[in-house]
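Asker: Can you read through this structure? Questions will come right after.
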Amino acid sequence: MSINNIIRIFLPKDKIFYDIFENIATTLKDMSKTLVDAIHSDDPKQMESLLMQIEEGEQKNDEFTHQIFVELSKNFITPFDREDIHFLATALDDIADYMYASAKKILNYNVEETDDYMKELATISHKSITTLAGAVKKLRSMKNISKIKQDCVMVNSLENDADEVLDRAIINLFKNNPNAIDVIRLKSIYEDMEIITDKCEDASNVIESIIIKYS
């Protein structure tokens, strides 16, 4: 076997990790837009249909995440640290998981009419995921480090916004809702929707760690 063929074996295939991460980011954006559309829908049937679509996105991202781990086992040379690739894949997968968990609870708890707090949290999550997806795509070239940092700062700021909405939602819930069952189910939904932005912040922290090492 020639030396060129030996070297080719150890080289990553067409920067496959960037491709997979960008596919994950696109799927997350689509899922978050679907969540926004569902929660803003006035038609219970339409809302149900849209929420059920989120499961398809979650399953699709599971496949992408699995593909990353398979590629990690096959490629000795990676675009950045193997540990960071693992951390980023896991963090992005968590975002999909909590979007699916939120959608599933809305369906399982028979919530036919969403409130302003859910709408705010869904909108903030979509903004956070869209910003995060932009940062993920910029990793391919590493030419816009300052813009990646700006994206990460924005994700962190949006997480703070979601915290504030959750606080208001919980205060209102305990103050104005005497029905214990409603308190339990709505509180659970609010918390899962807020965790989406927590997971976005986790992913942005991994990205910041990557760019610090390579800037």
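Naming scheme: A, B, ... for chains in displayed order of the structure tokens; residues 1 onward per chain; ligands 1 onward as shown.
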Which residues come within 7 Å of region 196-210 of chain A, counting only C-alpha atoms, excluding same-chain residues fewer than 3 positions away, as an mmCIF file with C-alpha atoms, in the first residue's frame?

Answerer:
```cif
data_model
loop_
_atom_site.group_PDB
_atom_site.id
_atom_site.type_symbol
_atom_site.label_atom_id
_atom_site.label_comp_id
_atom_site.auth_asym_id
_atom_site.auth_seq_id
_atom_site.Cartn_x
_atom_site.Cartn_y
_atom_site.Cartn_z
ATOM 1 C CA ASP A 84 -15.625 18.536 22.319
ATOM 2 C CA PHE A 87 -19.973 17.187 24.233
ATOM 3 C CA LEU A 88 -21.462 19.254 21.407
ATOM 4 C CA ALA A 91 -25.783 19.050 24.088
ATOM 5 C CA LEU A 92 -27.549 19.438 20.742
ATOM 6 C CA ASP A 94 -30.568 17.348 24.637
ATOM 7 C CA ILE A 95 -32.204 20.345 22.942
ATOM 8 C CA TYR A 98 -36.587 18.680 25.632
ATOM 9 C CA MET A 99 -38.506 20.048 22.661
ATOM 10 C CA SER A 125 -36.428 28.945 22.276
ATOM 11 C CA SER A 128 -32.002 30.763 20.733
ATOM 12 C CA ILE A 129 -31.879 27.699 18.487
ATOM 13 C CA LEU A 132 -27.068 28.606 17.967
ATOM 14 C CA LYS A 149 -18.781 34.731 20.203
ATOM 15 C CA CYS A 152 -22.948 32.579 22.073
ATOM 16 C CA VAL A 155 -27.840 32.480 23.375
ATOM 17 C CA ASN A 156 -26.852 33.173 26.978
ATOM 18 C CA GLU A 159 -31.592 31.875 28.383
ATOM 19 C CA ALA A 162 -36.517 32.441 29.428
ATOM 20 C CA ASP A 192 -39.424 21.690 30.239
ATOM 21 C CA MET A 193 -39.833 24.556 27.784
ATOM 22 C CA LYS A 213 -8.730 26.468 21.752
ATOM 23 C CA TYR A 214 -8.522 27.329 18.049
#
```

Asker: Which residues, written as number ranges by chain, have at least one atom at most 8 Å from Tyr100 (chain A), with only C-alpha atoms counted and residues fewer than 3 positions away on the same chain left out?

Answerer: A: 54-55, 58, 96-97, 103-104

Asker: Kindly save the residues from that selection, with C-alpha atoms included, as a PDB file, in the first residue's frame.

Answerer:
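Resulting contents of again-v1.pdb:
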```
ATOM      1  CA  ILE A  54     -41.749  17.227  16.579  1.00  0.00           C
ATOM      2  CA  GLU A  55     -41.252  13.554  17.424  1.00  0.00           C
ATOM      3  CA  GLU A  58     -36.294  14.194  17.493  1.00  0.00           C
ATOM      4  CA  ALA A  96     -34.184  18.033  20.677  1.00  0.00           C
ATOM      5  CA  ASP A  97     -35.094  15.813  23.626  1.00  0.00           C
ATOM      6  CA  ALA A 103     -44.591  18.707  22.941  1.00  0.00           C
ATOM      7  CA  LYS A 104     -45.398  15.313  24.421  1.00  0.00           C
TER       8      LYS A 104
END
```

Asker: Would you mind telling me which residue in A:Asn176, A:Ile211, A:Asn23, A:Ile184 lies nearest to Ser146 (chain A) when using only C-alpha atoms?

Answerer: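 So, comparing all the options, the nearest one is A:Ile211.
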
Asker: Produce a table with one row for each residue of region 67-156 of chain A that has an atom at most 6 Å from any atom of region 28-40 of chain A, each row naming the nearest atom pair and its distance in Å at one decimal; use only C-alpha atoms; arrange rows by chain and rising residue number; format as JSON lines.

Answerer:
```
{"residue": "A:Ala122", "atom": "CA", "partner": "A:Val36", "partner_atom": "CA", "distance": 5.3}
{"residue": "A:His126", "atom": "CA", "partner": "A:Ser32", "partner_atom": "CA", "distance": 5.0}
{"residue": "A:Thr130", "atom": "CA", "partner": "A:Lys29", "partner_atom": "CA", "distance": 5.8}
```

Asker: Quick one: which region 87-192 of chain A residues come within 10 Å of region 64-80 of chain A, and what is the nearest atom pair for each with the distance in Å to one decimal, counting only C-alpha atoms, rows ordered by chain and ascending number, as CSV?

Answerer:
```
residue,atom,partner,partner_atom,distance
A:Leu88,CA,A:Thr65,CA,9.8
A:Ala89,CA,A:Thr65,CA,6.0
A:Thr90,CA,A:Thr65,CA,7.5
A:Leu92,CA,A:Thr65,CA,8.6
A:Asp93,CA,A:Thr65,CA,6.9
A:Leu139,CA,A:Pro79,CA,9.6
A:Arg140,CA,A:Pro79,CA,8.7
```

Asker: Take the residues from that selection and put them in a file with N, CA and C atoms, as a tab-separated table (two decimals), in the first residue's frame.

Answerer:
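Generated file (result08.tsv):
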```
chain	number	residue	atom	x	y	z
A	88	LEU	N	-20.57	18.46	22.24
A	88	LEU	CA	-21.46	19.25	21.41
A	88	LEU	C	-22.61	18.40	20.87
A	89	ALA	N	-22.30	17.19	20.43
A	89	ALA	CA	-23.35	16.30	19.93
A	89	ALA	C	-24.38	16.00	21.02
A	90	THR	N	-23.89	15.75	22.23
A	90	THR	CA	-24.79	15.44	23.35
A	90	THR	C	-25.65	16.65	23.71
A	92	LEU	N	-26.56	19.19	21.79
A	92	LEU	CA	-27.55	19.44	20.74
A	92	LEU	C	-28.67	18.40	20.80
A	93	ASP	N	-28.31	17.17	21.11
A	93	ASP	CA	-29.32	16.12	21.25
A	93	ASP	C	-30.26	16.42	22.41
A	139	LEU	N	-18.61	27.26	12.54
A	139	LEU	CA	-17.47	26.46	12.99
A	139	LEU	C	-16.68	25.88	11.82
A	140	ARG	N	-17.33	25.68	10.70
A	140	ARG	CA	-16.68	25.02	9.56
A	140	ARG	C	-15.44	25.78	9.10
```

Asker: CA of Glu191 (chain A) and CA of Arg168 (chain A), how far apart in Å?

Answerer: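 Calculated distance between CA of Arg168 (chain A) and CA of Glu191 (chain A) is 11.9 Å.
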
Asker: Between CA of Glu120 (chain A) and CA of Asp161 (chain A), what is the spacing in Å?

Answerer: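 Those two atoms sit 9.5 Å apart.
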
Asker: Go through A:Val136, A:Leu121, A:Ile212, A:Val111 one by one, measure the shortest atom-to-atom distance of each to Ile24 (chain A) using only C-alpha atoms, and give the residue with the smallest value.

Answerer: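 Ranked by minimum distance to Ile24 (chain A), first place goes to A:Val136.
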
Asker: With a distance cut-off of 8 Å and only C-alpha atoms, select the neighbouring residues of Tyr18 (chain A), excluding the residue or stretch itself and same-chain residues fewer than 2 positions from it, and output the selection as a ChimeraX atom specification.

Answerer: /A:15-16,20-22,137,139-140

Asker: Deliver the residues from the most recent selection as a file, using N, CA and C atoms, as a CSV table (one decimal), in the first residue's frame.

Answerer:
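File produced: result.csv:
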```
chain,number,residue,atom,x,y,z
A,15,LYS,N,-14.7,16.2,5.8
A,15,LYS,CA,-15.1,17.0,7.0
A,15,LYS,C,-16.6,16.6,7.4
A,16,ILE,N,-16.8,15.3,7.5
A,16,ILE,CA,-18.1,14.7,7.8
A,16,ILE,C,-18.7,15.3,9.0
A,20,ILE,N,-22.6,16.8,9.5
A,20,ILE,CA,-23.6,16.2,10.4
A,20,ILE,C,-24.1,17.3,11.4
A,21,PHE,N,-23.2,18.0,12.0
A,21,PHE,CA,-23.6,19.1,12.9
A,21,PHE,C,-24.5,20.1,12.3
A,22,GLU,N,-24.2,20.4,11.0
A,22,GLU,CA,-25.1,21.4,10.3
A,22,GLU,C,-26.5,20.8,10.0
A,137,LYS,N,-22.8,26.6,12.2
A,137,LYS,CA,-22.4,26.6,10.8
A,137,LYS,C,-21.1,27.4,10.6
A,139,LEU,N,-18.6,27.3,12.5
A,139,LEU,CA,-17.5,26.5,13.0
A,139,LEU,C,-16.7,25.9,11.8
A,140,ARG,N,-17.3,25.7,10.7
A,140,ARG,CA,-16.7,25.0,9.6
A,140,ARG,C,-15.4,25.8,9.1
```

Asker: Nearest residue to Val183 (chain A) out of A:Tyr109, A:Glu164, A:Arg82, A:Lys127, using only C-alpha atoms?

Answerer: A:Tyr109
